[in-house]
Amino acid sequence: MLPYPQIDPVALAIGPLKIHWYGLMYLIGIGGAWLLASRRLNRFDPTWTKEKLSDMVFWMSMGVIVGGRLGYVLFYDLSAYLANPTLIFEVWKGGMAFHGGFIGVMLAAWWFGRRNGKSFFQLMDFVAPMVPIGLGAGRIGNFINAELWGKPTDVPWAMVFPPFSDPAQLPRHPSQLYQFALEGVALFLILYIFSRKPRPTMAVSGMFALFYGIFRFIVEFVRVPDAQLGYLAFGWLTMGQVLSIPMILAGLGMLWWAYNRPQAIKNTAL
């Protein structure tokens, strides 16, 4: 069994002002995505300026934050937030849903693309390889917060999370680190390598949807579902898996269409 590193969720406190690691992880994810996008900008569109890229990153970041929070409220704990709506603004306590953030990014991409002469999938293909940076950083934030841990296990790398998080004090799968490895590191490498060669429009987006859905579906087998929801069916099906199935199907459909539609137009390598 590995010891859980006791990390204060508050990274810095100045009087009443507290800066949480969870929030810093979002800044790291957004900053890392912006740096990678800057390096790939000329291959995407040489006419785009750094200012336009910054605008795109800003609006998509808003899509992630607003969509992620609203997604968690709607998909995972609507009754609690209806009872106390002010909880919606306490984002430093966690409670962000990837699938909601993904919808927010798609809406931002559609809106920003229309204003800047790019199709929805042109922008999504450009953005997709950067998203795992934020996903990985977010999972590290979950780990520091000692939230979203896994089922009890006797594997050598099991961890006992702090009593405030897990009163049962059982050795558990560190599922946040599994998600960091799969949704962050592995997904980044897959998309980065895949997008280095010219691909048909929609193919990179399809790869993202497919592999994120697969990785999330797998990890849900060892991750404890949200207490207010539990398992939805069969004694194992979780909300995360239900929301991942459409992504897997959409990813397969996009890849098929990208490579089989008449006169498929290939993007330049991203």
# chains A, B, ... in the order shown; residues from 1 in each chain; ligands from 1
>>> residues_around(residues="Trp59 (chain A)", least_positions_apart="2", cutoff="9 Å", atoms="only C-alpha atoms", output="number ranges by chain")
A: 54-57, 61-64, 105, 108-109, 112
>>> select_by_dssp(residues="region 5-199 of chain A", states="strand (DSSP E)", output="list of chain:residue names")
A:Val10, A:Ala11, A:Leu12, A:Ala13, A:Ile14, A:Leu17, A:Lys18, A:Ile19, A:His20, A:Met159, A:Val160, A:Pro171, A:Arg172
>>> write_last_selection(atoms="C-alpha atoms", output="compact mmCIF listing (two decimals), in the first residue's frame")
# COMPACT_ATOMS: atom_id res chain seq x y z
CA VAL A 10 -5.15 25.50 -0.13
CA ALA A 11 -1.97 26.33 -2.02
CA LEU A 12 -1.66 29.87 -0.67
CA ALA A 13 -3.55 31.84 1.97
CA ILE A 14 -3.18 35.63 2.33
CA LEU A 17 -7.91 35.16 0.46
CA LYS A 18 -7.32 31.48 -0.26
CA ILE A 19 -5.91 30.11 -3.50
CA HIS A 20 -6.79 26.44 -3.93
CA MET A 159 -4.09 4.34 -0.87
CA VAL A 160 -6.01 5.29 2.26
CA PRO A 171 -7.29 1.05 0.98
CA ARG A 172 -8.68 2.21 -2.37
>>> closest_residue(among="A:Phe58, A:Arg114, A:Leu70, A:Phe126", to="Arg196 (chain A)", atoms="only C-alpha atoms")
A:Phe126
>>> closest_residue(among="A:Met130, A:Ala158, A:Ala80, A:Leu74", to="Leu36 (chain A)", atoms="only C-alpha atoms")
A:Met130
>>> residues_around(residues="Trp110 (chain A)", least_positions_apart="6", cutoff="9 Å", atoms="only C-alpha atoms", output="PDB file with N, CA, C and O atoms, in the first residue's frame")
ATOM      1  N   LYS A 118     -14.150  29.926 -39.608  1.00  0.00           N
ATOM      2  CA  LYS A 118     -13.735  28.537 -39.465  1.00  0.00           C
ATOM      3  C   LYS A 118     -14.965  27.666 -39.195  1.00  0.00           C
ATOM      4  O   LYS A 118     -15.883  28.074 -38.482  1.00  0.00           O
ATOM      5  N   SER A 119     -14.945  26.466 -39.759  1.00  0.00           N
ATOM      6  CA  SER A 119     -16.040  25.549 -39.476  1.00  0.00           C
ATOM      7  C   SER A 119     -15.884  24.986 -38.067  1.00  0.00           C
ATOM      8  O   SER A 119     -14.805  25.041 -37.462  1.00  0.00           O
ATOM      9  N   PHE A 120     -16.967  24.447 -37.558  1.00  0.00           N
ATOM     10  CA  PHE A 120     -16.963  23.863 -36.215  1.00  0.00           C
ATOM     11  C   PHE A 120     -15.874  22.800 -36.087  1.00  0.00           C
ATOM     12  O   PHE A 120     -15.083  22.811 -35.137  1.00  0.00           O
ATOM     13  N   PHE A 121     -15.793  21.879 -37.038  1.00  0.00           N
ATOM     14  CA  PHE A 121     -14.840  20.783 -36.910  1.00  0.00           C
ATOM     15  C   PHE A 121     -13.406  21.204 -37.211  1.00  0.00           C
ATOM     16  O   PHE A 121     -12.460  20.565 -36.731  1.00  0.00           O
ATOM     17  N   LEU A 123     -12.107  23.958 -36.047  1.00  0.00           N
ATOM     18  CA  LEU A 123     -11.661  24.423 -34.736  1.00  0.00           C
ATOM     19  C   LEU A 123     -11.523  23.270 -33.748  1.00  0.00           C
ATOM     20  O   LEU A 123     -10.554  23.199 -32.990  1.00  0.00           O
ATOM     21  N   MET A 124     -12.487  22.353 -33.743  1.00  0.00           N
ATOM     22  CA  MET A 124     -12.434  21.245 -32.803  1.00  0.00           C
ATOM     23  C   MET A 124     -11.227  20.341 -33.076  1.00  0.00           C
ATOM     24  O   MET A 124     -10.597  19.837 -32.148  1.00  0.00           O
TER      25      MET A 124
END
>>> closest_residue(among="A:Gln122, A:Gln228, A:Thr238, A:Thr153", to="Phe44 (chain A)", atoms="only C-alpha atoms")
A:Gln122
>>> atom_distance(atom1="CA of Ser175 (chain A)", atom2="CA of Val219 (chain A)")
7.0 Å
>>> decode(residues="region 142-165 of chain A", atoms="C-alpha atoms", output="mmCIF file, in the first residue's frame")
data_model
loop_
_atom_site.group_PDB
_atom_site.id
_atom_site.type_symbol
_atom_site.label_atom_id
_atom_site.label_comp_id
_atom_site.auth_asym_id
_atom_site.auth_seq_id
_atom_site.Cartn_x
_atom_site.Cartn_y
_atom_site.Cartn_z
ATOM 1 C CA ASN A 142 -9.107 15.854 -7.733
ATOM 2 C CA PHE A 143 -6.273 13.845 -6.169
ATOM 3 C CA ILE A 144 -5.108 16.771 -4.031
ATOM 4 C CA ASN A 145 -8.708 17.350 -2.922
ATOM 5 C CA ALA A 146 -8.918 13.627 -2.008
ATOM 6 C CA GLU A 147 -12.119 13.299 -4.028
ATOM 7 C CA LEU A 148 -13.416 10.879 -6.670
ATOM 8 C CA TRP A 149 -11.388 7.989 -5.283
ATOM 9 C CA GLY A 150 -11.886 4.364 -6.246
ATOM 10 C CA LYS A 151 -13.264 1.165 -4.816
ATOM 11 C CA PRO A 152 -11.600 -0.749 -1.968
ATOM 12 C CA THR A 153 -8.775 -2.953 -3.211
ATOM 13 C CA ASP A 154 -5.715 -4.896 -2.120
ATOM 14 C CA VAL A 155 -3.453 -3.885 -5.027
ATOM 15 C CA PRO A 156 0.059 -2.833 -3.917
ATOM 16 C CA TRP A 157 -0.528 0.781 -4.963
ATOM 17 C CA ALA A 158 -3.792 1.205 -3.020
ATOM 18 C CA MET A 159 -4.094 4.337 -0.874
ATOM 19 C CA VAL A 160 -6.010 5.286 2.259
ATOM 20 C CA PHE A 161 -7.488 8.740 1.754
ATOM 21 C CA PRO A 162 -7.881 11.230 4.628
ATOM 22 C CA PRO A 163 -10.705 10.674 7.158
ATOM 23 C CA PHE A 164 -12.530 13.842 6.076
ATOM 24 C CA SER A 165 -12.842 12.306 2.625
#
